[in-house]
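Visitor: Here's a structure for you.
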Amino acid sequence: MLDGCTPWPADTAARYRRNGWWRGETLGDLLRAWSTTYADRTALVAGPDRITYRELDARVDRMAAGFARHGIRAGDRVVLQLPNVGEFVVVAFALFRVGAVPVFSLASHRASEIRHLAELSGAVGYVLPREHRGFDHLGLARRMLAEVPGLRRAFVLGGGSGDGDDRFVSLADVDADPKPGYPAVASDVAFFLLSGGTTALPKLIPRTHDDYAYQVRTVAELCGVSADDVYLAALPVEFNFTWGCPGVIGTLSRGGTVVLAEDPSPDRCFDLIAAERVTVTSVVPTVAQLWLEAAEWGGADLSSLRLVQIGGAKLPPELAARIEPVLGCRLQQVFGMAEGLLSMTRDGDDAHTVVHTQGRPVSAGDEVRIVGERDEDLPPGQVGELLTRGPYTLRGYYRAAEHNRRAFTADGFYRTGDLAQRTPDGNLVIEGRLKDVVIRGGDKISAGEVEGHLLTHPLVSRAAVVPVPDEYLGERTYAFLVCPAQRPTLPDLKQALHERGLAEYKLPDRVEFVAAFPLTPLGKVDKKVLAAAAADRAAPRDWAPAT
Ligand code: J2J
C-alpha cells in the first residue's frame, strides 16, 4: 500500500477476501468489464454530450495513455478539481487505470485548500478548469506551481496556459494511443477523499480499489440499481455520496445512465429529471427543502423518480415526512462519511423508520459500537459516540500518524465523532456530534481551520467558531471573537480570509465580539456555552475575562 497509509491487518484483509467482499479488481478494470457488457447503452449525459459505455471506456483509455505520456506514473498523486462535467469521470478513471491517485478536491476550494492538499499528498499534477463560476482557476494553478515544490504539471480543461509555458497542458491534449498493461493494484489506494475535518487542516482518506468496489457493489445491490436506472448527480460529483453510494460508479456498474447537473438548484435539476427520466438521485437536506418548495408550486414532471436519497446532515422529520407525498417517490435516509461507514433505510422499512432513523449499516462486515466516555458499550436507547470498522472504512488517515492515534482505537475502530443511539430494532439515529465541525448545508467546515485563519488577523486575539441553527442551511457558522484593541467589521474580516485563499463557504456568516470566552472547569473554551449563546441572542454574555 502507498507509503503513509495504514493497511488493514493481514488476517482481517484475508477474511474480507475470503468472504468475497474484496475481489482483487481495480476500478479501471471494472469499467472495462462494464463497457463490454453495456457497450452501446448511454453511460454519461453531461450538458449536450451523451456518451456510450464503449465511448467512455475508449476515452478513458486514451486519456490514461496521455497521462502516462505526460509523465504520470503509478502511485503519483494528482489533485483533481473539476466541477460536474463529463471530464471528471474520464480523468478519474484514466488515473485509476494508470494506477495514479487522484485527490478529490472541491470545485469551491481556493489557494489555501489546494496548497495544503497538494503538499500533503505530494501531488505532481493538478487537473483544473480554466475558469469556473467566475473564478480564475488557471491563475490559481500558476500560483500553486510556483509555490508547491513537487507540483510540476497542470492539466487544464478548456485550454493550456496560452503563454507557451509547457508545464500547462490542455486536457484535450492528454490523449495518446492506448497501451495495455498498467500496473494498478486492487489492494492499493485508488483515490483520496477529504475528511469533513476536525483538525485545522483537512485530512486525506485513502480509499482502495478493493474497498470502494465493495462499497459500490453493496449499495447498488441494496438500492436495486439496474440498467433501467438514470442517476442524477445533483451534488458535486467528488462527494462520496454522489460518487459511490451508489451514485456515479454504482450506476455505471449496473449499466444505468449518469446525468451530471451543474448545480443542485430545482430549476436545473427538475428540467433534467423530466428530460432524462431520472429515477434516482441524492441530495442534502438543504437541497431537499428547496426541491420541496419548488415542487409544491407545481408544474414539474418528477414522475420518473423512484428514489431520493437524503443524507450528509440531519434531516428534520417534518421535512422527511413531506418527501414521498410531494416528490412522489421513495425516501431513503443515508448517514454516511467519506471515511467509510454507510447506514441507510431500506425499501420495505415502515414509514416511522424511514422518517425518524438513519437506517442500518449496509454491510454484514460493518462493526458498529456506541460507547460512553470510557469507551464502554452502551445499550440500545442510550446516546454515545459511534465507533466503526469494516471492509470499506479506513484504518488511518494519510500521513497523519499522530492524529490517527486519537482518531482510532487500538483495535482499529474509527471514532466518528458522531453521537448516535441504536433503536431496539437495530436502526441508528444520529443525535448530534462531539467533533468541532459546522455542517452548513451539506458542507463540512472545521471550526479549528476557520479559527486558525481568523487568528492571523492583526486585530483578533482569540477566535471560537460554533454552529448556529439555521432554517435553510441547517447550521451556519458563527464566530465569537476577542478583539481587545479595535473591532474589524465583518466585510473586513471576510476580505482578509478571502485574501488568504480560504474557500467561500467557510467564511463565517456572523461575528460577535466578546470580552472573554466561557471556560470549562478544565480551562478549555466552552463551546457548548458559546453555541447556546449563538442560538439565543438574549442569553447573557458576561463571561469573566480569563485571569
Ligand atoms: C446527520 N449527520 C450526517 C445524516 C452525514 C453519504 C452520505 C453522506 C456523506 C457525508 C457521505 C448524516 N444525519 N444523515 O460521505 O457517502 C454527518 C456526520 C458524518 C459526516 C460525514 C456519503 N450524514 N452526516 O456527509 O464525509 O457528522 O460524508 O460524520 O462529508 O456528516 O461527512 P462527509
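Simple scheme: letters A, B, ... for chains in C-alpha cells order, numbers from 1 for residues in each chain, numbers from 1 for ligands in the order shown.
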Counting only C-alpha atoms, what is within 8 Å of A:Asp40, bar same-chain residues fewer than 2 positions away, as a PyMOL selection string?
Guide: chain A and resi 38+42+52-54
Visitor: Could those residues be written to a file, using N, CA and C atoms, as a PDB file, in the first residue's frame?
Guide:
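Contents of out_3.pdb, freshly written:
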ATOM      1  N   TYR A  38     -22.224  -3.451 -21.362  1.00  0.00           N
ATOM      2  CA  TYR A  38     -23.281  -2.469 -21.670  1.00  0.00           C
ATOM      3  C   TYR A  38     -22.914  -1.578 -22.857  1.00  0.00           C
ATOM      4  N   THR A  42     -26.222   4.243 -22.975  1.00  0.00           N
ATOM      5  CA  THR A  42     -25.691   5.564 -22.632  1.00  0.00           C
ATOM      6  C   THR A  42     -25.133   5.534 -21.212  1.00  0.00           C
ATOM      7  N   THR A  52     -21.655   6.722 -24.816  1.00  0.00           N
ATOM      8  CA  THR A  52     -21.970   5.322 -24.513  1.00  0.00           C
ATOM      9  C   THR A  52     -20.859   4.746 -23.630  1.00  0.00           C
ATOM     10  N   TYR A  53     -21.136   3.550 -23.109  1.00  0.00           N
ATOM     11  CA  TYR A  53     -20.125   2.856 -22.306  1.00  0.00           C
ATOM     12  C   TYR A  53     -18.856   2.617 -23.123  1.00  0.00           C
ATOM     13  N   ARG A  54     -19.052   2.205 -24.385  1.00  0.00           N
ATOM     14  CA  ARG A  54     -17.893   1.916 -25.230  1.00  0.00           C
ATOM     15  C   ARG A  54     -17.050   3.183 -25.416  1.00  0.00           C
TER      16      ARG A  54
END
Visitor: Set the distance at 7 Å and use only C-alpha atoms: which residues neighbour stretch 81-87 of chain A once local chain neighbours fewer than 2 positions away are removed? I'd like the list as a list in words.
Guide: Ala46, Val79, Val89, Val90, Val91, Phe104, Ser105, Leu106, Ala107, Val127, Leu128, Pro129, Pro236, Val237, Leu260, Ala261 and Glu262 of chain A
Visitor: Pick out each residue of stretch 240-272 of chain A that DSSP on the backbone tags as strand (DSSP E or B); I need them as a list of chain:residue names.
Guide: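 DSSP on the backbone gives strand (DSSP E or B) at A:Thr257, A:Val258, A:Val259, A:Leu260.
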Visitor: Go ahead and write the residues just picked, C-alpha atoms, as a compact mmCIF listing (two decimals), in the first residue's frame.
Guide:
# COMPACT_ATOMS: atom_id res chain seq x y z
CA THR A 257 -27.12 6.24 -17.15
CA VAL A 258 -25.45 9.00 -15.14
CA VAL A 259 -26.68 12.55 -15.72
CA LEU A 260 -24.48 15.33 -14.37
Visitor: Give me, as CSV, each residue of chain A that comes within 7 Å of ligand 1, together with its shortest interatomic pair and the distance in Å at one decimal, counting only C-alpha atoms and all ligand atoms, with rows ordered by chain and rising residue number.
Guide:
residue,atom,partner,partner_atom_place_in_ligand_line,distance
A:Ser195,CA,ligand 1,26 (O),5.5
A:Gly196,CA,ligand 1,26 (O),4.9
A:Phe239,CA,ligand 1,15 (O),6.5
A:Asn240,CA,ligand 1,16 (O),4.3
A:Phe241,CA,ligand 1,16 (O),3.5
A:Gly244,CA,ligand 1,16 (O),6.9
A:Cys245,CA,ligand 1,16 (O),5.6
A:Ile310,CA,ligand 1,14 (N),6.9
A:Gly311,CA,ligand 1,14 (N),4.0
A:Gly312,CA,ligand 1,25 (O),3.2
A:Ala313,CA,ligand 1,2 (N),3.9
A:Lys314,CA,ligand 1,13 (N),3.6
A:Leu315,CA,ligand 1,13 (N),6.2
A:Gln333,CA,ligand 1,14 (N),6.1
A:Val334,CA,ligand 1,14 (N),4.9
A:Phe335,CA,ligand 1,14 (N),3.6
A:Gly336,CA,ligand 1,7 (C),3.7
A:Met337,CA,ligand 1,28 (O),3.4
A:Ala338,CA,ligand 1,26 (O),3.8
A:Glu339,CA,ligand 1,26 (O),6.3
A:Leu342,CA,ligand 1,16 (O),6.4
A:Gln358,CA,ligand 1,14 (N),5.9
A:Thr416,CA,ligand 1,29 (O),5.7
A:Gly417,CA,ligand 1,29 (O),6.7
A:Asp418,CA,ligand 1,27 (O),5.4
A:Ile430,CA,ligand 1,1 (C),5.5
A:Arg433,CA,ligand 1,27 (O),6.5
A:Gly442,CA,ligand 1,25 (O),6.6
A:Asp443,CA,ligand 1,30 (O),6.8
A:Lys444,CA,ligand 1,30 (O),6.1
Visitor: For the residues in the current selection, export C-alpha atoms as a PDB file, in the first residue's frame.
Guide:
ATOM      1  CA  SER A 195     -12.294  14.343   5.594  1.00  0.00           C
ATOM      2  CA  GLY A 196     -15.054  16.576   6.901  1.00  0.00           C
ATOM      3  CA  PHE A 239     -18.635  13.989  -2.819  1.00  0.00           C
ATOM      4  CA  ASN A 240     -18.549  10.340  -1.672  1.00  0.00           C
ATOM      5  CA  PHE A 241     -22.362  10.354  -1.627  1.00  0.00           C
ATOM      6  CA  GLY A 244     -20.271   5.923  -4.959  1.00  0.00           C
ATOM      7  CA  CYS A 245     -23.372   5.463  -2.751  1.00  0.00           C
ATOM      8  CA  ILE A 310     -31.057  12.261   1.579  1.00  0.00           C
ATOM      9  CA  GLY A 311     -28.003  12.493   3.766  1.00  0.00           C
ATOM     10  CA  GLY A 312     -24.943  14.474   4.725  1.00  0.00           C
ATOM     11  CA  ALA A 313     -26.651  16.364   7.545  1.00  0.00           C
ATOM     12  CA  LYS A 314     -29.543  15.809   9.902  1.00  0.00           C
ATOM     13  CA  LEU A 315     -32.846  15.505   8.050  1.00  0.00           C
ATOM     14  CA  GLN A 333     -32.153   8.332   4.596  1.00  0.00           C
ATOM     15  CA  VAL A 334     -28.407   7.996   4.348  1.00  0.00           C
ATOM     16  CA  PHE A 335     -25.922   8.536   7.122  1.00  0.00           C
ATOM     17  CA  GLY A 336     -22.502   8.367   5.535  1.00  0.00           C
ATOM     18  CA  MET A 337     -18.968   9.561   5.692  1.00  0.00           C
ATOM     19  CA  ALA A 338     -16.056   9.754   3.301  1.00  0.00           C
ATOM     20  CA  GLU A 339     -14.143   7.656   5.862  1.00  0.00           C
ATOM     21  CA  LEU A 342     -22.739   3.952   5.334  1.00  0.00           C
ATOM     22  CA  GLN A 358     -30.862   6.747   9.532  1.00  0.00           C
ATOM     23  CA  THR A 416     -16.592   9.062  14.038  1.00  0.00           C
ATOM     24  CA  GLY A 417     -17.172  11.987  16.408  1.00  0.00           C
ATOM     25  CA  ASP A 418     -20.902  11.472  15.814  1.00  0.00           C
ATOM     26  CA  ILE A 430     -27.825  10.335  14.757  1.00  0.00           C
ATOM     27  CA  ARG A 433     -21.770  15.213  17.416  1.00  0.00           C
ATOM     28  CA  GLY A 442     -24.011  19.628   3.201  1.00  0.00           C
ATOM     29  CA  ASP A 443     -20.622  21.315   3.566  1.00  0.00           C
ATOM     30  CA  LYS A 444     -18.448  20.314   6.489  1.00  0.00           C
TER      31      LYS A 444
END
Visitor: Neighbours of stretch 321-330 of chain A within 8 Å (only C-alpha atoms; same-chain residues fewer than 3 positions away dropped), as a list of chain:residue names?
Guide: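 The neighbour list is A:Leu292, A:Ala295, A:Glu296, A:Leu302, A:Ser303, A:Leu305, A:Arg306, A:Leu307, A:Val308, A:Pro317, A:Glu318, A:Val355.
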Visitor: Give the alpha helix (DSSP H) residues of stretch 95-214 of chain A, as DSSP finds them on the backbone, and put them as a VMD selection string.
Guide: chain A and resid 95 to 98 111 to 121 137 to 147 209 to 214
Visitor: For the selection just defined, write its residues with N, CA and C atoms to a file, as a compact mmCIF listing (two decimals), in the first residue's frame.
Guide:
# COMPACT_ATOMS: atom_id res chain seq x y z
N LEU A 95 -6.89 8.05 -14.45
CA LEU A 95 -5.86 7.99 -13.41
C LEU A 95 -5.92 6.64 -12.70
N PHE A 96 -7.14 6.14 -12.42
CA PHE A 96 -7.25 4.81 -11.79
C PHE A 96 -6.52 3.78 -12.66
N ARG A 97 -6.74 3.89 -13.96
CA ARG A 97 -6.19 2.88 -14.86
C ARG A 97 -4.66 2.92 -14.83
N VAL A 98 -4.11 4.12 -14.81
CA VAL A 98 -2.65 4.25 -14.77
C VAL A 98 -2.11 3.82 -13.41
N ALA A 111 -6.82 28.81 -2.90
CA ALA A 111 -5.38 28.61 -2.69
C ALA A 111 -5.06 27.89 -1.38
N SER A 112 -5.73 28.28 -0.31
CA SER A 112 -5.41 27.70 0.99
C SER A 112 -5.60 26.18 0.97
N GLU A 113 -6.72 25.73 0.42
CA GLU A 113 -7.00 24.30 0.42
C GLU A 113 -6.15 23.55 -0.61
N ILE A 114 -6.03 24.12 -1.81
CA ILE A 114 -5.30 23.40 -2.86
C ILE A 114 -3.82 23.26 -2.47
N ARG A 115 -3.26 24.30 -1.90
CA ARG A 115 -1.86 24.25 -1.47
C ARG A 115 -1.69 23.12 -0.46
N HIS A 116 -2.58 23.11 0.52
CA HIS A 116 -2.49 22.08 1.56
C HIS A 116 -2.64 20.67 0.97
N LEU A 117 -3.62 20.49 0.10
CA LEU A 117 -3.85 19.14 -0.47
C LEU A 117 -2.68 18.71 -1.33
N ALA A 118 -2.14 19.65 -2.09
CA ALA A 118 -1.01 19.31 -2.97
C ALA A 118 0.21 18.97 -2.13
N GLU A 119 0.44 19.75 -1.07
CA GLU A 119 1.61 19.49 -0.23
C GLU A 119 1.46 18.17 0.53
N LEU A 120 0.31 18.02 1.17
CA LEU A 120 0.11 16.82 2.00
C LEU A 120 0.16 15.54 1.15
N SER A 121 -0.43 15.60 -0.03
CA SER A 121 -0.47 14.39 -0.86
C SER A 121 0.84 14.20 -1.62
N HIS A 137 -9.30 29.76 -12.18
CA HIS A 137 -8.53 28.61 -11.69
C HIS A 137 -7.15 28.54 -12.32
N LEU A 138 -7.05 29.03 -13.56
CA LEU A 138 -5.73 28.99 -14.21
C LEU A 138 -4.74 29.85 -13.43
N GLY A 139 -5.23 31.02 -12.97
CA GLY A 139 -4.37 31.88 -12.16
C GLY A 139 -3.95 31.18 -10.87
N LEU A 140 -4.90 30.46 -10.29
CA LEU A 140 -4.60 29.71 -9.07
C LEU A 140 -3.54 28.64 -9.37
N ALA A 141 -3.68 27.98 -10.51
CA ALA A 141 -2.72 26.92 -10.88
C ALA A 141 -1.32 27.52 -11.06
N ARG A 142 -1.24 28.70 -11.67
CA ARG A 142 0.08 29.35 -11.83
C ARG A 142 0.72 29.53 -10.47
N ARG A 143 -0.11 30.00 -9.54
CA ARG A 143 0.40 30.25 -8.19
C ARG A 143 0.84 28.94 -7.52
N MET A 144 0.03 27.92 -7.66
CA MET A 144 0.34 26.65 -7.00
C MET A 144 1.61 26.03 -7.58
N LEU A 145 1.79 26.12 -8.90
CA LEU A 145 3.00 25.56 -9.49
C LEU A 145 4.25 26.33 -9.02
N ALA A 146 4.05 27.61 -8.73
CA ALA A 146 5.19 28.39 -8.24
C ALA A 146 5.47 28.08 -6.77
N GLU A 147 4.39 27.80 -6.00
CA GLU A 147 4.57 27.68 -4.54
C GLU A 147 4.80 26.27 -4.03
N HIS A 209 -9.04 0.39 -4.26
CA HIS A 209 -9.92 -0.18 -5.30
C HIS A 209 -10.81 -1.25 -4.67
N ASP A 210 -10.19 -2.14 -3.89
CA ASP A 210 -10.95 -3.23 -3.27
C ASP A 210 -12.09 -2.70 -2.40
N ASP A 211 -11.77 -1.74 -1.53
CA ASP A 211 -12.80 -1.32 -0.57
C ASP A 211 -13.90 -0.52 -1.26
N TYR A 212 -13.51 0.30 -2.24
CA TYR A 212 -14.53 1.13 -2.88
C TYR A 212 -15.42 0.29 -3.81
N ALA A 213 -14.78 -0.64 -4.53
CA ALA A 213 -15.57 -1.53 -5.40
C ALA A 213 -16.59 -2.29 -4.56
N TYR A 214 -16.17 -2.69 -3.37
CA TYR A 214 -17.09 -3.41 -2.48
C TYR A 214 -18.24 -2.50 -2.02
Visitor: From the options A:Ala233, A:Val148, A:Val482, A:Ala320, which residue's atoms come nearest to A:Val283, counting only C-alpha atoms?
Guide: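 Of A:Ala233, A:Val148, A:Val482, A:Ala320, the one nearest A:Val283 is A:Ala233, counting only C-alpha atoms.
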Visitor: Have a look at A:Gly384, A:Pro458, A:Ile445, A:Ala463 and name the one nearest to A:Ala200; count only C-alpha atoms.
Guide: A:Ile445
